Structure formats: C-alpha cells, structure tokens
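Colleague: This is entry34.txt, which holds compact mmCIF, C-alpha atoms:
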```txt
# COMPACT_ATOMS: atom_id res chain seq x y z
CA MET A 1 144.76 0.21 227.34
CA ASN A 2 148.38 -0.71 228.14
CA LYS A 3 150.78 1.52 230.08
CA THR A 4 152.54 2.78 226.97
CA LYS A 5 149.31 4.05 225.37
CA ILE A 6 148.18 5.64 228.65
CA LEU A 7 151.49 7.49 229.06
CA VAL A 8 151.51 8.71 225.46
CA THR A 9 147.88 9.89 225.76
CA LEU A 10 148.58 11.76 229.00
CA SER A 11 151.73 13.31 227.55
CA SER A 12 149.85 14.53 224.48
CA ALA A 13 147.11 16.03 226.62
CA LEU A 14 149.66 17.86 228.78
CA ILE A 15 151.47 19.27 225.74
CA LEU A 16 148.19 20.53 224.26
CA ALA A 17 147.25 22.16 227.56
CA LEU A 18 150.60 23.91 227.79
CA LEU A 19 150.39 25.14 224.20
CA ALA A 20 146.84 26.36 224.75
CA THR A 21 147.98 28.61 227.60
CA THR A 22 150.20 30.55 225.20
CA LEU A 23 147.10 31.73 223.32
CA VAL A 24 145.57 33.40 226.40
CA VAL A 25 146.00 37.19 226.66
CA ALA A 26 148.58 37.85 229.36
CA PRO A 27 151.44 40.17 230.26
CA ILE A 28 153.96 39.98 227.41
CA HIS A 29 157.73 40.27 227.71
CA VAL A 30 158.61 42.50 224.74
CA GLY A 31 162.31 43.19 225.28
CA THR A 32 165.37 42.99 227.50
CA LEU A 33 167.33 46.08 228.48
CA TYR A 34 170.99 45.13 228.92
CA SER A 35 172.94 47.29 231.35
CA CYS A 36 176.64 47.24 230.44
CA PRO A 37 179.71 48.54 232.33
CA ALA A 38 180.13 52.28 231.79
CA ASP A 39 183.33 53.43 230.09
CA PRO A 40 183.59 56.32 230.88
CA VAL A 41 181.07 57.00 233.64
CA PRO A 42 178.30 59.32 232.29
CA ILE A 43 178.00 62.87 233.57
CA ILE A 44 174.32 63.46 234.36
CA ASP A 45 173.54 66.45 232.15
CA GLY A 46 170.71 65.00 230.04
CA THR A 47 172.60 65.01 226.73
CA LEU A 48 173.46 61.28 226.25
CA GLY A 49 176.97 62.00 224.96
CA ALA A 50 178.15 59.59 222.25
CA ILE A 51 181.38 58.73 224.12
CA GLU A 52 179.74 58.35 227.52
CA TRP A 53 177.01 56.08 226.14
CA LYS A 54 179.03 54.14 223.56
CA GLU A 55 178.62 50.94 225.62
CA GLY A 56 174.83 51.33 225.75
CA VAL A 57 172.60 48.84 223.91
CA PRO A 58 169.52 50.75 222.61
CA LEU A 59 166.10 49.18 223.07
CA THR A 60 163.05 50.62 221.28
CA VAL A 61 159.84 50.44 223.33
CA LYS A 62 156.28 51.11 222.15
CA LEU A 63 153.90 52.95 224.49
CA TYR A 64 150.10 53.17 224.15
CA ASN A 65 147.71 56.03 224.76
CA LEU A 66 145.51 54.77 227.59
CA ALA A 67 142.45 56.49 226.14
CA ALA A 68 142.99 55.41 222.51
CA GLN A 69 145.29 52.44 222.01
CA ALA A 70 145.79 53.05 218.28
CA ASP A 71 147.68 56.22 219.28
CA THR A 72 151.22 55.14 220.16
CA MET A 73 154.68 56.58 220.70
CA GLU A 74 158.14 55.05 220.83
CA ILE A 75 161.02 55.71 223.15
CA GLU A 76 164.58 54.44 223.00
CA ILE A 77 166.15 53.41 226.29
CA MET A 78 169.70 52.38 227.27
CA SER A 79 171.33 51.45 230.56
CA LEU A 80 174.83 51.38 232.06
CA TYR A 81 176.31 50.67 235.49
CA ASP A 82 179.54 51.73 237.18
CA ASN A 83 181.99 50.33 239.72
CA ASP A 84 180.29 52.25 242.53
CA ASN A 85 177.15 50.11 242.14
CA ARG A 86 175.10 52.82 240.44
CA ILE A 87 172.81 52.23 237.47
CA TYR A 88 172.15 54.74 234.68
CA PHE A 89 169.21 55.08 232.30
CA GLY A 90 169.28 57.07 229.04
CA ILE A 91 165.96 57.79 227.31
CA THR A 92 165.27 59.43 223.93
CA TYR A 93 161.95 60.28 222.25
CA LEU A 94 160.65 62.58 219.53
CA ASP A 95 159.44 65.96 220.81
CA ASP A 96 160.29 69.54 219.93
CA LYS A 97 160.16 70.88 223.48
CA ILE A 98 159.87 70.06 227.17
CA ASN A 99 156.51 71.05 228.61
CA ARG A 100 156.31 72.10 232.24
CA GLU A 101 154.22 69.04 233.22
CA ASP A 102 155.98 66.35 231.14
CA ASN A 103 157.23 63.41 233.20
CA PHE A 104 158.64 59.93 232.71
CA TRP A 105 158.58 56.93 235.03
CA MET A 106 159.65 53.32 235.38
CA VAL A 107 157.89 50.72 237.54
CA PHE A 108 160.11 47.85 238.71
CA LYS A 109 158.71 44.59 240.07
CA SER A 110 159.42 44.37 243.80
CA ILE A 111 157.15 41.54 244.96
CA GLU A 112 157.60 38.05 243.54
CA GLY A 113 154.38 36.77 242.01
CA ASP A 114 152.50 40.08 242.28
CA PRO A 115 151.60 41.67 238.90
CA LEU A 116 152.99 45.07 237.95
CA CYS A 117 149.44 46.34 237.48
CA PHE A 118 145.92 45.00 237.92
CA PRO A 119 142.99 45.01 235.48
CA PRO A 120 141.07 46.82 234.21
CA HIS A 121 144.03 48.10 232.21
CA ASN A 122 142.67 51.52 231.32
CA ALA A 123 142.80 55.06 232.68
CA SER A 124 141.06 54.06 235.93
CA GLY A 125 143.23 50.98 236.54
CA MET A 126 145.76 50.46 239.31
CA TYR A 127 149.35 49.42 239.91
CA GLY A 128 150.26 46.40 241.96
CA LEU A 129 151.04 47.34 245.56
CA ASN A 130 154.52 48.47 246.66
CA HIS A 131 156.44 48.12 243.39
CA ASP A 132 159.45 50.39 242.90
CA MET A 133 158.80 53.66 241.02
CA LYS A 134 161.57 55.82 239.49
CA PHE A 135 160.13 59.14 238.33
CA ILE A 136 161.45 62.36 236.75
CA GLN A 137 159.75 65.71 236.26
CA HIS A 138 161.28 67.05 233.03
CA TYR A 139 160.99 70.80 233.57
CA SER A 140 162.55 70.85 237.06
CA ASN A 141 164.94 67.89 236.48
CA LYS A 142 163.61 66.47 239.75
CA THR A 143 163.84 62.71 240.23
CA THR A 144 161.70 60.92 242.77
CA ASP A 145 162.19 57.39 244.10
CA GLY A 146 158.77 56.11 245.03
CA TYR A 147 156.49 53.09 245.35
CA THR A 148 153.19 52.18 243.70
CA MET A 149 149.77 52.05 245.32
CA ASP A 150 146.96 49.59 244.53
CA THR A 151 144.30 52.30 244.46
CA LEU A 152 142.57 53.62 241.33
CA TYR A 153 144.23 55.79 238.67
CA TYR A 154 147.75 54.35 238.96
CA ASN A 155 148.63 56.19 242.15
CA TRP A 156 152.05 56.23 243.78
CA LEU A 157 153.89 57.91 246.65
CA PRO A 158 157.51 59.01 247.13
CA ASP A 159 159.77 56.93 249.37
CA ASP A 160 160.82 59.91 251.46
CA PRO A 161 159.49 59.56 254.08
CA PRO A 162 160.00 56.78 255.11
CA GLY A 163 162.68 55.75 252.59
CA VAL A 164 165.53 57.47 250.82
CA ASP A 165 165.24 59.55 247.64
CA ASN A 166 168.78 59.55 246.27
CA GLY A 167 168.38 59.52 242.50
CA VAL A 168 169.60 62.24 240.16
CA GLY A 169 168.41 63.13 236.66
CA LYS A 170 168.52 65.76 233.93
CA CYS A 171 166.53 66.37 230.74
CA HIS A 172 167.60 68.09 227.52
CA GLU A 173 165.78 69.28 224.38
CA ASN A 174 167.39 69.94 221.00
CA GLY A 175 164.39 71.00 218.90
CA THR A 176 163.53 67.53 217.57
CA HIS A 177 164.27 65.13 220.44
CA VAL A 178 164.12 65.11 224.21
CA THR A 179 166.74 63.10 226.09
CA ILE A 180 166.82 62.05 229.75
CA GLU A 181 169.64 60.77 231.96
CA MET A 182 168.87 59.22 235.34
CA ARG A 183 171.10 57.55 237.94
CA PHE A 184 170.17 55.50 240.99
CA PRO A 185 172.13 53.28 243.39
CA PHE A 186 171.75 49.51 243.06
CA ASN A 187 169.90 49.62 246.39
CA SER A 188 168.59 52.95 247.65
CA GLY A 189 167.60 51.66 251.08
CA ASP A 190 163.82 52.16 251.19
CA THR A 191 162.73 51.02 254.66
CA LEU A 192 159.51 49.54 253.21
CA GLY A 193 161.57 47.21 251.02
CA SER A 194 159.99 48.41 247.78
CA ASP A 195 163.18 49.55 246.01
CA PHE A 196 165.02 47.22 243.69
CA ALA A 197 168.17 45.59 245.05
CA LEU A 198 170.40 45.05 242.01
CA ALA A 199 173.72 43.27 241.49
CA VAL A 200 175.81 42.41 238.47
CA ASN A 201 174.07 39.58 236.54
CA ALA A 202 170.79 40.25 238.37
CA SER A 203 167.57 40.97 236.50
CA VAL A 204 164.20 42.55 237.28
CA GLU A 205 160.94 43.06 235.36
CA PHE A 206 159.67 46.59 234.72
CA PHE A 207 157.58 48.79 232.42
CA VAL A 208 157.66 52.47 231.54
CA GLY A 209 155.25 55.35 231.11
CA PHE A 210 155.28 58.96 229.93
CA HIS A 211 152.92 61.89 230.46
CA ASP A 212 152.80 64.25 227.46
CA GLU A 213 151.32 67.50 228.75
CA ASP A 214 151.10 69.09 225.27
CA LYS A 215 148.68 66.35 224.22
CA HIS A 216 147.29 65.70 227.73
CA ILE A 217 147.99 62.00 227.20
CA ASP A 218 149.37 59.27 229.45
CA PHE A 219 151.36 56.74 227.43
CA PHE A 220 151.98 53.34 229.05
CA GLN A 221 153.04 49.87 228.02
CA ILE A 222 149.55 48.95 229.14
CA ARG A 223 147.39 47.54 226.33
CA GLU A 224 143.82 48.63 227.07
CA ALA A 225 142.24 46.80 224.12
CA ASP A 226 143.84 43.53 225.25
CA ASN A 227 143.15 44.31 228.92
CA ASP A 228 146.79 43.57 229.74
CA TYR A 229 150.27 45.02 229.47
CA ASP A 230 153.73 44.66 227.95
CA TYR A 231 156.81 44.59 230.16
CA LEU A 232 160.59 44.67 229.87
CA LYS A 233 163.39 42.96 231.74
CA LEU A 234 166.42 44.84 233.03
CA GLN A 235 169.51 42.58 232.85
CA VAL A 236 172.54 43.97 234.69
CA SER A 237 175.08 42.50 232.25
CA CYS A 238 175.87 42.64 228.54
CA THR A 239 174.95 38.99 227.94
CA ALA A 240 171.79 37.06 228.66
CA VAL A 241 171.58 34.34 231.27
CA VAL A 242 169.32 31.89 229.43
CA PRO A 243 167.41 29.35 231.57
CA VAL A 244 166.13 26.12 230.06
CA PRO A 245 162.43 26.63 229.22
CA VAL A 246 160.04 24.69 231.45
CA ILE A 247 158.23 23.18 228.45
CA SER A 248 161.55 21.82 227.12
CA ILE A 249 162.22 20.15 230.46
CA LEU A 250 158.74 18.60 230.51
CA LEU A 251 159.00 17.39 226.93
CA GLY A 252 162.41 15.90 227.66
CA LEU A 253 161.10 14.03 230.70
CA MET A 254 158.09 12.74 228.72
CA MET A 255 160.23 11.47 225.85
CA THR A 256 162.67 9.84 228.27
CA SER A 257 159.80 8.04 230.04
CA VAL A 258 158.24 6.83 226.79
CA ILE A 259 161.57 5.57 225.43
CA ALA A 260 162.34 3.78 228.70
CA ILE A 261 158.96 1.99 228.71
CA LEU A 262 159.22 1.01 225.07
CA TYR A 263 162.75 -0.30 225.66
CA LYS A 264 161.63 -2.40 228.64
CA LYS A 265 158.65 -3.76 226.65
CA LYS A 266 160.92 -4.72 223.76
CA ARG A 267 163.27 -6.63 226.06
CA LYS A 268 160.38 -8.61 227.49
```
Just give me the structure of the file as structure tokens.

Modeller:
Amino acid sequence: MNKTKILVTLSSALILALLATTLVVAPIHVGTLYSCPADPVPIIDGTLGAIEWKEGVPLTVKLYNLAAQADTMEIEIMSLYDNDNRIYFGITYLDDKINREDNFWMVFKSIEGDPLCFPPHNASGMYGLNHDMKFIQHYSNKTTDGYTMDTLYYNWLPDDPPGVDNGVGKCHENGTHVTIEMRFPFNSGDTLGSDFALAVNASVEFFVGFHDEDKHIDFFQIREADNDYDYLKLQVSCTAVVPVPVISILLGLMMTSVIAILYKKKRK
C-alpha cells in the first residue's frame, strides 16, 4: 500500500473515531447565558424591573426531577454586570407562592478538568469537589456563597468560614410567578480558591438546581435516565467568542496533508 492510501485510510479511521465519540452519553452544553452591561444598575428587590433588566438576554433552562425524570420544570435566567465588577442573576419560574423551604442554587466549575458532578446521577449522587456554589433561601432572602463536597447526596458547605460570603439576593411572588435577583462580586475572595474569578469576556461552565418544598422535589439539570447532566456556560459579554472546533482543525490538517502528497506524486 503506497503512502497516499495509508494516509487516507488513517485519516478516515480518525474521523470515524471522532464522530463515534459524539454518540456517547456525556455532559451536554445546552445553552449560553450572556451577561451584558447593566443600564441602569438593578436594585436588588426581587422584582426584575423591565427597565433595569432591559439589557438582559433570557435563557430558558429545563430542570429534571431527580426521582422521576419525566417530571420537569423550566426556569428563565438572565445576567448583567456593572462597572464595579459585580454580576447579577435574574431568575423567573412558574409558582403561585414562596414556600418556607424553597431554595435555588447555581454550581460553577472551579477546577479545570474536574466534572461538575459525579455518577451515579440520581438522588444519592455527588458534586465534584470544591466547585463554587451560589445559593439563596427564598423565604428569608438569604444568599450563601459556598463550595461543593464530593460526598453523597450533593452536599455543600458555606465559604464563611474560611471564605467570604458577600452576595445579596431577594425573592418576589406575584401569584403566578416567583422571581429572584442575586448579585455577587466578580471575585468574592474565598481563601480555598473555590469561588469563580470573572472578568469581562471571561466564561465559566455551570448548572442550576431548585428545591420545591410544596412538592418535596429537587429539580436539577442532572439527567438520571441518561446517567449524566446538562450544563450551561456563563459568558461575561453580549457576544460569543467562538473558537475554531478541534475537529475542523484536524480535518483541515488531514486535507492539507493529502493534497500535498498528491501534488508531489503528480509532479514526479
């Protein structure tokens, strides 16, 4: 077999292997949350005022009941940032009232290469270790800046101590919807290094969860039936920074090599 046939055969095999990996169940990126400059800066009162949030880009996110994946709920989430390096989150979901034990949280990826959560992806699963957790207790309007634990049942602990809990949040109910506003600094200074460290044009992976006390249900982006999870990306800008896909680079290099060999063979 000449060099040209060998190269083409190897290239085809590599392409098939890469395509095959896309069929394997894995964490799935299901949306990007764009955080745009605030104009004006939101007042944290839980109401998501139309003027304050006019720059927000809504993203609809599906959550799954950990005990019965066919049972789902949707939330809408927006984000803004201000000139004082603070980031805002606005969340809306259908509910007629705030229950005393309702709470909402976001888990942000803090460790490169470490998954946001480990299998089994069910009620007795676990987070990855030391990811950033932003949490709000609806009834008391108490926000907590914490970090995840890699023990069973998706445990987590607050940063303080040893870090700094400097978020603020408020919830509001209007009879049909519940809305949440939360604000955190770009870098809240956790001494363990678990908190996100944002900047304009930076991005970070995360997923969200909600505990509905009326139904006694934990809703996650975790997909129990698939034994995996969905995740989002927070992009601190209004436009995407689009990298060239790895497979496109590989295909380009393969085609360039094949063309070069064929050209040299033709000249001979």

Colleague: One decimal, Å: what's the distance from atom CA of A:Phe186 over to atom CA of A:Ile44, could you say?

Modeller: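 The value is 16.6 Å.
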
Colleague: Applying 7 Å and all atoms listed in the file, which residues near A:Phe196 remain after dropping the ones on its own chain fewer than 2 positions away? List them as a list in words.

Modeller: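 These residues fall inside the cut-off: Ser110, Asp132, Asn187, Ser194 and Leu198 of chain A.
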
Colleague: So how many Å separate atom CA of A:Phe207 and atom CA of A:Asp95, to one decimal?

Modeller: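 That distance, rounded to one decimal, is 20.8 Å.
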
Colleague: With only C-alpha atoms as the atoms that count, which of A:Thr32, A:Asn141, A:Ile51, A:Phe184 lies nearest to A:Ala197?

Modeller: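 When distances to A:Ala197 are compared using only C-alpha atoms, the smallest one comes from A:Phe184.
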
Colleague: Go through A:Ile77, A:Met126, A:Ala67, A:Ala50 one by one, measure the shortest atom-to-atom distance of each to A:Lys215 using only C-alpha atoms, and give the residue with the smallest value.

Modeller: A:Ala67

Colleague: Fewer than 6 positions away in the same chain doesn't count, so skip those; otherwise give me all residues within 6 Å of A:Asp150, counting all atoms listed in the file, as a ChimeraX atom specification.

Modeller: /A:126-129

Colleague: Expressed in Å to a single decimal, how great is the separation between atom CA of A:Ala225 and atom CA of A:His211?

Modeller: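 About the pair atom CA of A:Ala225 and atom CA of A:His211: they are 19.5 Å apart.
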
Colleague: Applying 12 Å and all atoms listed in the file, which residues near A:Pro40 remain after dropping the ones on its own chain fewer than 5 positions away? List them as a ChimeraX atom specification.

Modeller: /A:49-56,80-83

Colleague: I want to know what sits within 12 Å of A:Lys134, based on all atoms listed in the file, with residues of the same chain fewer than 4 positions away left out; could you give that as a VMD selection string?

Modeller: chain A and resid 87 to 89 103 to 109 142 to 148 156 to 159 165 to 169 182 to 185 188 194 to 196 206 to 210

Colleague: Show me, as a ChimeraX atom specification, the residues that have an atom within 10 Å of A:Glu224 when counting only C-alpha atoms, minus same-chain residues fewer than 3 positions from it.

Modeller: /A:64-69,119-123,125,220-221,227-229

Colleague: With all atoms listed in the file as the atoms that count, which of A:Ala199, A:Ile98, A:Met149, A:Met133 lies nearest to A:Asn174?

Modeller: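 Smallest distance to A:Asn174 is found for A:Ile98.
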
Colleague: Check the smallest atom-to-atom distance from each of A:Thr179, A:Thr239, A:Gln137, A:Ser124 to A:Met78 using all atoms listed in the file, then report the winner.

Modeller: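 Looking only at the distances to A:Met78, the closest residue turns out to be A:Thr179.
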
Colleague: Return the single residue from A:Val200, A:Cys117, A:Cys36, A:Val61 that is closest to A:Ile222, with distances computed using all atoms listed in the file.

Modeller: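 So, comparing all the options, the nearest one is A:Cys117.
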